[in-house]
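First comes the structure, then the notes that go with it.
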Amino acid sequence: MLAFVFRRLLVNVLVFFAVSVGVFVLVRAAPGDPIRVMVDPVQMQTGGEEFIARKRAELGLDDPLPVQYAAWFKRALTGDLGTSYVSHRPVTEVLTERLGPTVLLMGTALLTAVVLGLLVGTVAAVRRNSAVDYGATVLSLATISVPSFFLGIAAIYLFSLTLGVLPSAGMSTPGGGGGSSDILRHLILPAGILGLSLAGPLTRYVRSGLIGELGADYARTAEAKGATPRRVVVRHALRNALIPLITVLMIYIPQLFGGAVIVEQVFAWPGMGQLVVSSIAQLDYPVIVGFALYISLLVLVCNLAADLLYAVADPRVSLR
Amino acid sequence: MTAVELTPPSPAGVPPVPATPARKVSHRSPARLALRRFTRNRLAVVGAVVLVAVIVAALAAPLLTPYDPTAVDLGAFRQAPSGAHLLGTDSSGRDVLTRLLYAGRVSLSVGLLASLVAVAIGLFFGAIAGLVGGFVDSVVMRATDIVLSFPSIIVVVVLAGILGPSVTMLVVVMGATNWPTAARVVRGLVLSLREQEYIAAARAAGARTGWILMRHVVPAALAPVSVVATLLVASTVLNEAALSFLGLGVQPPQASWGNMLNDAQNLTLIRTMPWMWLPPGLAIAATVLAVNFVGDGLRDAVDPRSGGGAR
């Protein structure tokens with residue numbers, strides 16, 4: 001077990017290293033001069049070139065790439081990801097303050113998706129080939145086929161503009177000290193839409209997993225011993241069907257992050273996704289790099305967690 | 001065809017086997033059976049019909065509409081649907097229906113190209129991993145795990161942020177991030193094929209690896225790979241739309257379904273001019289849903305055992 005953990009950890013560290021090199025090289029090879037974005041046009045006219053040259057040297061942009069990378073990586077290890085070209089604040093600080101809203105959004109979406117997926121998937125599996133099952137299949141395909149930004153705009157049209165029951169943007173009402181219930185109201189639409197996109201695939205996993213378990217010998221044995229159908233499903237089959245679901249969830253978390261970037265844009269949710277989209281428009285490379293590193297770390301941690309949880313939850317899994 | 005050839009030659013003196021059973025057998029070729037299973041799946045048939053309609057409409061765009069998709073007509077901007085403009089006009093006075101049809105070309109070709117790239121890479125690595133095995137196999141498999149866990153949206157967002165958005169990059173990145181699905185399918189197939197008697201027989205008859213690959217592995221892989229490719233088209237069309245919506249994919253004035261929705265990011269426009277955001281959104285949803293139905297139908301048709309399971 002320990003050797004397995006160690007090997008997987010090593011692979012992930014290597015990949016993280018490779019990703020960081022890749023991202024760094026890309027950033028430095030990028031077109032567009034970050035310095036010119038920083039300098040305001042008035043300053044450009046009054047001895048701008050000299051100022052730019054000084055600034056380039058100051059930021060180390062004239063050094064050879066490997067030197068720049070080594071210096072950058074050393075600082076990154078100590079949590080120093082540089083300074084944002086736009087807000088002139090440390091990248092770690094800029095990213096961390098956006099982490100909270102994103103985690104809140106993704107967490108709520110994940111919870112919604114798991115509850116929906118378990119409920120609908122179980123019902124569909126138990127009433128297999130019924131109208132409910134058929135409807136669930138079509139609906140789950142629909143949730144992964146309808147683009148979240150379109151669903152978001154439609155939801156804004158319906159709930160915010162026509163019915164006027166839910167806010168369309170942001171995380172809280174400007175100027176109003178609404179507290180947590182205000183945030184909750186702002187959370188419903190984005191988290192619901194993000195959650196739906198994950199509920200579809202989860203429903204399908206729960207359904208097919210549960211159908212497999214219900215057909216297993218132990219389920220028939222439990223039934224033969226007089227367990228009620230409900231007990232067979234909930235206490236016996238579902239428990240085993242949930243094991244692969246843990247892995248599936250871990251694998252889907254990074255995908256959910258991709259969805260969050262889009263949903264945050266639609267609902268002006270002040271998370272990391274919105275930050276990175278605006279950073280792209282402003283050529284704020286340090287923030288983009290920091291974002292890429294945060295995501296890589298998240299992806300690799302989820303990957304490792306998927307491997308480990310799978311091994312821990314199912315004793316039949318042999319560790320290679 | 002093959003079934004007829006396989007009918008044992010009738011021994012001398014015995015009347016030849018009547019032709020009818022042989023014809024019956026020939027009707028049960030795997031492809032025929034798959035087609036029958038596919039057409040029995042109502043959703044898949046509906047999906048196929050919708051998909052064909054979308055493709056035909058996109059291809060026939062110049063015949064269906066008199067307007068130019070990129071011609072700005074500021075005299076006619078933000079007009080509600082009317083006889084002249086069936087779906088109204090957008091903020092630059094361009095006909096929405098025209099843009100919708102031409103956008104279909106862009107969105108579908110990006111999706112198709114990206115999944116072809118993914119499948120080509122996947123076929124290559126999957127076959128290598130399955131045939132060579134050992135260390136190569138485990139490296140390729142670890143690579144699929146890792147590549148698959150990086151969401152293509154995020155990769156494109158970061159790359160578009162640094163290199164600038166372009167359609168080429170969209171296709172390359174979506175191909176490069178989606179190949180593992182195809183690779184895993186092909187690898188699994190090659191591993192099971194390696195143990196098959198007919199492959200051993202071919203080998204015993206002196207067939208080389210290349211011959212076995214072309215004659216046995218590729219035909220066997222075609223069906224499952226086409227399922228993977230179809231389902232990939234659905235997700236690449238969706239991703240292209242999302243990225244173009246963010247302004248990181250297809251760039252205006254070229255129309256794509258995603259960037260048509262990009263204009264609809266202010267509340268007044270959403271409330272008062274639904275003709276600008278509703279049609280492209282519905283077009284994406286209908287197309288992707290149709291492709292997913294077709295993909296699901298294909299999977300159940302070529303592999304009846306998989307029966308509507310999870311992907």
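Each chain in the structure tokens gets a letter, A, B, ..., in the order shown, and its residues are numbered from 1; ligands are numbered from 1 in order too.
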- Task: With a distance cut-off of 7 Å and only C-alpha atoms, select the neighbouring residues of range 153-159 of chain B, excluding the residue or stretch itself and same-chain residues fewer than 5 positions from it, and output the selection as a PyMOL selection string.
- Result: (chain A and resi 258+288+292) or (chain B and resi 170+173+239+248)
May I have the residues from that selection written out with C-alpha atoms, as an mmCIF file, in the first residue's frame?
data_model
loop_
_atom_site.group_PDB
_atom_site.id
_atom_site.type_symbol
_atom_site.label_atom_id
_atom_site.label_comp_id
_atom_site.auth_asym_id
_atom_site.auth_seq_id
_atom_site.Cartn_x
_atom_site.Cartn_y
_atom_site.Cartn_z
ATOM 1 C CA GLY A 258 -14.247 23.846 -16.478
ATOM 2 C CA ILE A 288 -3.007 33.095 -15.910
ATOM 3 C CA ALA A 292 -2.918 27.101 -14.521
ATOM 4 C CA LEU B 170 -9.265 24.916 -30.715
ATOM 5 C CA VAL B 173 -6.207 21.292 -28.180
ATOM 6 C CA ASN B 239 -16.839 22.890 -25.920
ATOM 7 C CA LEU B 248 -11.780 32.452 -26.794
#
- Message: Quick one: residues within 12 Å of range 36-49 of chain B, only C-alpha atoms, excluding same-chain residues fewer than 2 positions away - as a PyMOL selection string?
- Response: (chain A and resi 134-135+137-138+141) or (chain B and resi 27-34+51-56+230+234+285-304+307-308)
Same residues, C-alpha atoms, output as a JSON list (two decimals), in the first residue's frame:
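To be explicit, this is the file written out as part_6.json:
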[["chain", "number", "residue", "atom", "x", "y", "z"],
["A", 134, "TYR", "CA", -36.83, 6.27, -20.16],
["A", 135, "GLY", "CA", -37.50, 9.85, -19.02],
["A", 137, "THR", "CA", -32.24, 8.64, -19.65],
["A", 138, "VAL", "CA", -33.50, 11.37, -21.97],
["A", 141, "LEU", "CA", -28.66, 13.16, -21.92],
["B", 27, "HIS", "CA", -29.25, -11.17, -43.78],
["B", 28, "ARG", "CA", -27.73, -11.63, -40.38],
["B", 29, "SER", "CA", -24.31, -10.16, -41.04],
["B", 30, "PRO", "CA", -23.04, -8.13, -38.05],
["B", 31, "ALA", "CA", -23.51, -4.88, -39.94],
["B", 32, "ARG", "CA", -27.10, -5.74, -40.84],
["B", 33, "LEU", "CA", -27.88, -6.76, -37.28],
["B", 34, "ALA", "CA", -26.34, -3.55, -35.97],
["B", 51, "LEU", "CA", -28.61, 15.61, -37.45],
["B", 52, "VAL", "CA", -29.04, 15.08, -41.19],
["B", 53, "ALA", "CA", -31.45, 18.04, -41.29],
["B", 54, "VAL", "CA", -28.93, 20.28, -39.48],
["B", 55, "ILE", "CA", -26.10, 19.22, -41.79],
["B", 56, "VAL", "CA", -28.19, 19.73, -44.94],
["B", 230, "THR", "CA", -19.58, 10.22, -32.49],
["B", 234, "ALA", "CA", -21.06, 15.97, -29.20],
["B", 285, "ALA", "CA", -28.80, 21.90, -27.80],
["B", 286, "ALA", "CA", -30.64, 20.14, -30.64],
["B", 287, "THR", "CA", -27.45, 19.23, -32.50],
["B", 288, "VAL", "CA", -25.57, 17.96, -29.48],
["B", 289, "LEU", "CA", -28.58, 16.03, -28.23],
["B", 290, "ALA", "CA", -29.04, 14.47, -31.68],
["B", 291, "VAL", "CA", -25.37, 13.48, -31.86],
["B", 292, "ASN", "CA", -25.57, 11.98, -28.36],
["B", 293, "PHE", "CA", -28.67, 9.98, -29.26],
["B", 294, "VAL", "CA", -27.00, 8.71, -32.43],
["B", 295, "GLY", "CA", -23.84, 7.85, -30.47],
["B", 296, "ASP", "CA", -25.81, 5.98, -27.82],
["B", 297, "GLY", "CA", -27.80, 4.16, -30.49],
["B", 298, "LEU", "CA", -24.61, 3.23, -32.33],
["B", 299, "ARG", "CA", -23.02, 1.91, -29.15],
["B", 300, "ASP", "CA", -25.98, -0.27, -28.32],
["B", 301, "ALA", "CA", -26.17, -1.38, -31.95],
["B", 302, "VAL", "CA", -22.54, -2.46, -32.36],
["B", 303, "ASP", "CA", -22.21, -3.83, -28.83],
["B", 304, "PRO", "CA", -25.58, -5.06, -27.57],
["B", 307, "GLY", "CA", -27.02, -1.76, -23.12],
["B", 308, "GLY", "CA", -27.36, 1.90, -22.21]]
- Message: I'd like the contact shell of Leu86 in chain B - 10 Å cut-off, only C-alpha atoms, skipping same-chain residues fewer than 6 positions apart - returned as a list in words.
- Response: Thr65, Ala80, Asp95, Val96, Leu97, Thr98 and Trp275 of chain B
What would the file look like if the residues just selected were written as an mmCIF file, in the first residue's frame with C-alpha atoms?
data_model
loop_
_atom_site.group_PDB
_atom_site.id
_atom_site.type_symbol
_atom_site.label_atom_id
_atom_site.label_comp_id
_atom_site.auth_asym_id
_atom_site.auth_seq_id
_atom_site.Cartn_x
_atom_site.Cartn_y
_atom_site.Cartn_z
ATOM 1 C CA THR B 65 -31.039 32.598 -47.394
ATOM 2 C CA ALA B 80 -37.571 41.807 -34.434
ATOM 3 C CA ASP B 95 -29.653 38.425 -40.420
ATOM 4 C CA VAL B 96 -29.820 35.980 -37.475
ATOM 5 C CA LEU B 97 -31.118 33.037 -39.530
ATOM 6 C CA THR B 98 -28.303 33.472 -42.046
ATOM 7 C CA TRP B 275 -34.423 36.160 -31.055
#
- Query: Nearest to chain B: which of A:Pro286, A:Gly152, A:Pro167, A:Pro147 is it, counting only C-alpha atoms?
  - Reply: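 The answer is A:Pro147, which sits nearest to chain B.
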- With a distance threshold of 7 Å and counting only C-alpha atoms, extract the residues of chain A near chain B and express them as a ChimeraX atom specification. /A:26-27,30-31,141-142,145-147,150,157,161,204-205,208,251,254-255,258,280,288,292,299
- Would you please extract all alpha helix (DSSP H) residues from range 20-220 of chain B, as assigned by DSSP on the backbone, and give them as a ChimeraX atom specification? /B:20-26,30-40,42-59,61-64,96-132,134-149,152-163,167-194,197-204,209-212,218-220
- Residue nearest Val186 in chain B - candidates B:Gly206, B:Gly126, B:Pro81, B:Gly134, atoms counted: only C-alpha atoms: B:Gly126
What lies within 7 Å of Ala268 in chain A using only C-alpha atoms, ignoring chain neighbours under 3 positions off, as a PDB file with C-alpha atoms, in the first residue's frame?
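Contents of selection_23.pdb, freshly written:
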ATOM      1  CA  ALA A 169     -25.556  38.417 -11.255  1.00  0.00           C
ATOM      2  CA  GLY A 170     -22.965  38.640  -8.538  1.00  0.00           C
ATOM      3  CA  GLU A 264     -19.189  32.267 -13.382  1.00  0.00           C
ATOM      4  CA  GLN A 265     -18.974  34.313 -16.562  1.00  0.00           C
TER       5      GLN A 265
END
- Contact residues around Ala70 in chain A with only C-alpha atoms at 12 Å, ignoring same-chain residues under 6 positions, as a list in words: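 With the cut-off at 12 Å, the set is Phe17, Ser20, Val21, Phe24, Val25, Gly60, Asp63, Pro64, Ala76 and Leu77 of chain A.
Here the question is which of A:Ala131, A:Lys225, A:Ile262, A:Phe51 gets nearest to Ser148 in chain A using only C-alpha atoms, and that residue is A:Ile262.
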